[in-house]
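Participant: So here's target.txt (compact mmCIF, C-alpha atoms).
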# COMPACT_ATOMS: atom_id res chain seq x y z
CA MET A 15 86.13 -44.57 -71.56
CA THR A 16 84.76 -43.05 -74.74
CA ASP A 17 81.28 -41.81 -75.50
CA THR A 18 79.71 -43.99 -78.19
CA ARG A 19 76.37 -42.22 -78.30
CA GLN A 20 75.30 -40.51 -81.49
CA PRO A 21 74.51 -36.79 -81.36
CA GLN A 22 70.84 -36.19 -80.89
CA PRO A 23 69.07 -33.98 -83.47
CA GLN A 24 67.99 -30.63 -82.02
CA PRO A 25 64.35 -29.62 -82.55
CA GLN A 26 64.05 -26.77 -85.03
CA PRO A 27 61.95 -23.74 -84.12
CA GLN A 28 58.81 -23.19 -86.08
CA GLY A 29 60.18 -20.10 -87.79
CA GLY A 30 62.96 -22.19 -89.35
CA GLN A 31 65.66 -19.59 -88.59
CA GLY A 32 67.88 -21.91 -86.57
CA GLN A 33 67.73 -19.66 -83.46
CA PRO A 34 66.45 -20.84 -80.08
CA TYR A 35 63.01 -19.65 -79.16
CA GLN A 36 62.98 -16.47 -77.07
CA PRO A 37 59.68 -15.37 -75.58
CA PRO A 38 59.08 -11.71 -76.42
CA GLN A 39 57.90 -10.76 -72.92
CA ALA A 40 61.02 -12.11 -71.19
CA TYR A 41 63.72 -10.64 -73.44
CA ARG A 42 64.15 -7.32 -75.13
CA THR A 43 66.64 -6.70 -77.80
CA GLY A 44 68.97 -3.82 -77.37
CA GLY A 45 71.59 -3.49 -80.07
CA GLY A 46 71.17 -7.02 -81.40
CA GLN A 47 71.84 -8.77 -78.10
CA ALA A 48 69.12 -10.26 -75.91
CA VAL A 49 68.96 -8.73 -72.42
CA ARG A 50 66.95 -10.34 -69.65
CA LYS A 51 64.29 -8.04 -68.19
CA PRO A 52 63.92 -8.06 -64.42
CA ARG A 53 60.76 -9.60 -63.07
CA THR A 54 58.19 -7.15 -61.87
CA GLY A 55 57.68 -7.23 -58.13
CA ALA A 56 60.89 -9.18 -57.47
CA GLY A 57 62.29 -8.21 -54.09
CA THR A 58 65.91 -8.01 -53.06
CA VAL A 59 65.25 -9.59 -49.66
CA PRO A 60 67.08 -12.92 -49.29
CA ARG A 61 64.79 -15.93 -49.28
CA THR A 62 64.41 -18.02 -46.14
CA ARG A 63 63.84 -21.70 -46.65
CA LYS A 64 61.44 -23.24 -44.16
CA ALA A 65 60.59 -26.83 -43.43
CA ARG A 66 57.84 -28.15 -41.16
CA LEU A 67 58.90 -31.29 -39.35
CA ARG A 68 57.16 -33.48 -36.84
CA VAL A 69 58.87 -35.34 -34.02
CA ALA A 70 56.78 -38.49 -34.08
CA ARG A 71 58.95 -40.71 -31.86
CA ALA A 72 61.88 -40.43 -29.46
CA ASP A 73 64.02 -43.55 -29.10
CA PRO A 74 64.13 -44.37 -25.36
CA TRP A 75 67.58 -45.99 -25.62
CA SER A 76 69.17 -42.89 -27.13
CA VAL A 77 67.33 -40.64 -24.66
CA MET A 78 68.69 -42.78 -21.83
CA LYS A 79 72.28 -42.58 -23.13
CA VAL A 80 72.17 -38.81 -23.63
CA SER A 81 70.50 -38.11 -20.30
CA PHE A 82 73.01 -40.38 -18.53
CA LEU A 83 75.97 -38.50 -20.00
CA LEU A 84 74.42 -35.10 -19.29
CA SER A 85 73.55 -36.00 -15.71
CA ILE A 86 77.10 -37.32 -15.13
CA ALA A 87 78.45 -34.01 -16.41
CA LEU A 88 76.05 -32.15 -14.12
CA GLY A 89 77.14 -34.31 -11.18
CA ILE A 90 80.82 -33.59 -11.83
CA CYS A 91 80.07 -29.87 -12.10
CA THR A 92 78.17 -30.03 -8.81
CA VAL A 93 81.06 -31.71 -6.96
CA VAL A 94 83.58 -29.23 -8.36
CA ALA A 95 81.36 -26.24 -7.55
CA VAL A 96 80.77 -27.41 -3.96
CA SER A 97 84.48 -27.99 -3.39
CA VAL A 98 85.40 -24.55 -4.76
CA LEU A 99 82.65 -22.93 -2.67
CA TRP A 100 83.85 -24.75 0.46
CA MET A 101 87.46 -23.65 -0.14
CA VAL A 102 86.40 -20.02 -0.63
CA MET A 103 84.25 -20.05 2.50
CA ASN A 104 87.05 -21.69 4.50
CA ALA A 105 89.58 -19.11 3.26
CA MET A 106 87.20 -16.31 4.31
CA GLY A 107 86.93 -17.80 7.80
CA VAL A 108 83.19 -18.41 7.69
CA PHE A 109 83.36 -21.86 9.30
CA SER A 110 85.57 -20.76 12.19
CA THR A 111 83.45 -17.68 12.96
CA VAL A 112 80.11 -19.48 12.76
CA GLY A 113 81.61 -22.52 14.54
CA SER A 114 82.80 -20.46 17.51
CA THR A 115 79.39 -18.76 17.77
CA ILE A 116 77.55 -22.09 17.73
CA SER A 117 80.04 -23.62 20.18
CA GLU A 118 79.44 -20.76 22.62
CA ALA A 119 75.66 -21.01 22.24
CA THR A 120 75.48 -24.77 22.72
CA GLY A 121 78.32 -25.23 25.19
CA SER A 122 77.83 -25.82 28.84
CA GLY A 123 80.10 -24.70 31.68
CA ASP A 124 82.72 -27.38 30.96
CA GLY A 125 83.33 -26.06 27.40
CA GLY A 126 81.84 -28.95 25.40
CA GLY A 127 79.67 -27.72 22.53
CA PHE A 128 78.85 -28.51 18.94
CA ASP A 129 81.97 -28.37 16.72
CA LEU A 130 80.85 -27.10 13.28
CA GLN A 131 84.33 -27.24 11.76
CA SER A 132 84.70 -30.98 12.28
CA PHE A 133 81.14 -31.57 11.12
CA LEU A 134 81.58 -29.56 7.89
CA SER A 135 85.04 -30.82 6.97
CA LEU A 136 85.91 -31.02 3.26
CA PRO A 137 85.92 -34.85 3.02
CA ARG A 138 82.52 -35.08 4.70
CA VAL A 139 81.02 -32.37 2.48
CA LEU A 140 82.44 -33.96 -0.69
CA LEU A 141 81.17 -37.40 0.36
CA PHE A 142 77.67 -36.01 0.90
CA THR A 143 77.80 -34.12 -2.41
CA SER A 144 78.98 -37.23 -4.27
CA VAL A 145 76.13 -39.30 -2.83
CA ILE A 146 73.64 -36.64 -3.91
CA ALA A 147 75.25 -36.51 -7.40
CA VAL A 148 74.99 -40.30 -7.84
CA ILE A 149 71.34 -40.25 -6.78
CA ASP A 150 70.77 -37.39 -9.22
CA VAL A 151 72.39 -39.36 -12.08
CA VAL A 152 70.16 -42.38 -11.45
CA LEU A 153 66.97 -40.34 -11.05
CA ALA A 154 67.59 -38.04 -14.02
CA THR A 155 68.37 -40.97 -16.31
CA ALA A 156 65.31 -42.90 -15.20
CA LEU A 157 62.99 -39.88 -15.47
CA ALA A 158 64.26 -38.94 -18.93
CA THR A 159 63.77 -42.50 -20.19
CA LEU A 160 60.30 -42.64 -18.67
CA GLY A 161 59.58 -39.28 -20.29
CA ALA A 162 60.58 -40.72 -23.69
CA PHE A 163 58.14 -43.62 -23.22
CA ILE A 164 55.34 -41.25 -22.20
CA TYR A 165 56.10 -38.97 -25.15
CA ASN A 166 55.92 -41.91 -27.57
CA LEU A 167 52.53 -42.91 -26.15
CA SER A 168 51.11 -39.42 -26.37
CA ALA A 169 52.62 -38.81 -29.83
CA GLY A 170 50.75 -41.88 -31.03
CA PHE A 171 47.49 -40.20 -30.07
CA VAL A 172 48.12 -36.59 -31.12
CA GLY A 173 50.80 -36.97 -33.79
CA GLY A 174 53.81 -35.51 -32.00
CA VAL A 175 55.38 -32.08 -31.81
CA GLU A 176 55.51 -30.02 -35.01
CA LEU A 177 58.58 -27.87 -35.58
CA THR A 178 59.27 -25.24 -38.21
CA LEU A 179 62.93 -25.04 -39.13
CA ALA A 180 64.20 -22.04 -41.08
CA GLU A 181 67.49 -21.53 -42.89
CA ASP A 182 68.71 -18.02 -43.52
CA GLU A 183 70.64 -17.53 -46.72
Hey, can you dump this file as structure tokens for me?
Facilitator:
Amino acid sequence: MTDTRQPQPQPQPQGGQGQPYQPPQAYRTGGGQAVRKPRTGAGTVPRTRKARLRVARADPWSVMKVSFLLSIALGICTVVAVSVLWMVMNAMGVFSTVGSTISEATGSGDGGGFDLQSFLSLPRVLLFTSVIAVIDVVLATALATLGAFIYNLSAGFVGGVELTLAEDE
């Protein structure tokens, strides 16, 4: 592709010398070459750009998706943490020591007492933790979505949350 435009005539300075206009306060001549003078009061501190933004609306569908994924991650972390904690406590012998003490305290003369080790077995503890994690996923997702609806209603009245974002250069 070739450029078919004609060259545009350049405006001539009023002096008619053919040189571009140079304001006398911005340039000083030193040895025939123009040197830019530094601005007075110019600092060497890097500038920080700032922008004021307002969160006027939160989409409830996207809030629900994000809160669902985060609460699932939290539920998985809870199940893993409880299983690791149970294994550490079992390896330390906490359940057997506390279980024998409770069995002695609640047992009658025939030796039948409360068996803590069978009650706090790993499958039972993980089942209880999983039920709590599922309830937490449902409640956290519902509360976050409800919170988005309430935020949208209140942002309609007061204008939303104003944020100031800054970028360091």
Participant: Could you jot down the CA of Val148 (chain A) to CA of Ser97 (chain A) separation for me, Å, one decimal place?
Facilitator: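 Answer for the CA of Val148 (chain A) to CA of Ser97 (chain A) separation: 16.2 Å.
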Participant: Figure out the distance between CA of Arg71 (chain A) and CA of Gly174 (chain A), please, to one decimal in Å.
Facilitator: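 Computing it gives 7.3 Å between the two atoms.
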Participant: Go ahead and compute the interatomic distance for CA of Leu177 (chain A) and CA of Arg63 (chain A), in Å to one decimal.
Facilitator: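 Atom-to-atom, CA of Leu177 (chain A) to CA of Arg63 (chain A), that is 13.7 Å.
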Participant: Taking 2 positions as the minimum chain separation for residues in the same chain, which residues sit within 7 Å of Lys64 (chain A) when counting all atoms listed in the file? Answer as a PyMOL selection string.
Facilitator: chain A and resi 62+66+178-181
Participant: Please dump the current selection as an mmCIF file, in the coordinates of the input; keep C-alpha atoms.
Facilitator:
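Writing done, so here's selection03.cif:
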data_model
loop_
_atom_site.group_PDB
_atom_site.id
_atom_site.type_symbol
_atom_site.label_atom_id
_atom_site.label_comp_id
_atom_site.auth_asym_id
_atom_site.auth_seq_id
_atom_site.Cartn_x
_atom_site.Cartn_y
_atom_site.Cartn_z
ATOM 1 C CA THR A 62 64.410 -18.020 -46.140
ATOM 2 C CA ARG A 66 57.840 -28.150 -41.160
ATOM 3 C CA THR A 178 59.270 -25.240 -38.210
ATOM 4 C CA LEU A 179 62.930 -25.040 -39.130
ATOM 5 C CA ALA A 180 64.200 -22.040 -41.080
ATOM 6 C CA GLU A 181 67.490 -21.530 -42.890
#
Participant: Identify, on the basis of all atoms listed in the file, every residue whose closest approach to region 88-92 of chain A does not exceed 9 Å; exclude the query and any residue fewer than 5 positions from it along the same chain; express the result as a ChimeraX atom specification.
Facilitator: /A:83,97,143-144,146-148,150-151
Participant: Skip Ser81 (chain A) itself and residues of its chain fewer than 3 positions away, then list as JSON, numbers by chain all residues within 9 Å of it, counting only C-alpha atoms.
Facilitator: {"A": [76, 77, 78, 84, 85, 86, 151, 154, 155, 156, 158, 159]}
Participant: For Asn104 (chain A), list every protein, DNA or RNA residue within 10 Å, evaluated using only C-alpha atoms, and leave out those in the same chain fewer than 4 positions away; present the list as a CSV table (one decimal) with C-alpha atoms, in the frame of the given file.
Facilitator:
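Output file part-v4.csv is given in full below:
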chain,number,residue,atom,x,y,z
A,98,VAL,CA,85.4,-24.6,-4.8
A,99,LEU,CA,82.6,-22.9,-2.7
A,100,TRP,CA,83.8,-24.8,0.5
A,108,VAL,CA,83.2,-18.4,7.7
A,109,PHE,CA,83.4,-21.9,9.3
A,110,SER,CA,85.6,-20.8,12.2
A,131,GLN,CA,84.3,-27.2,11.8
A,135,SER,CA,85.0,-30.8,7.0
A,136,LEU,CA,85.9,-31.0,3.3
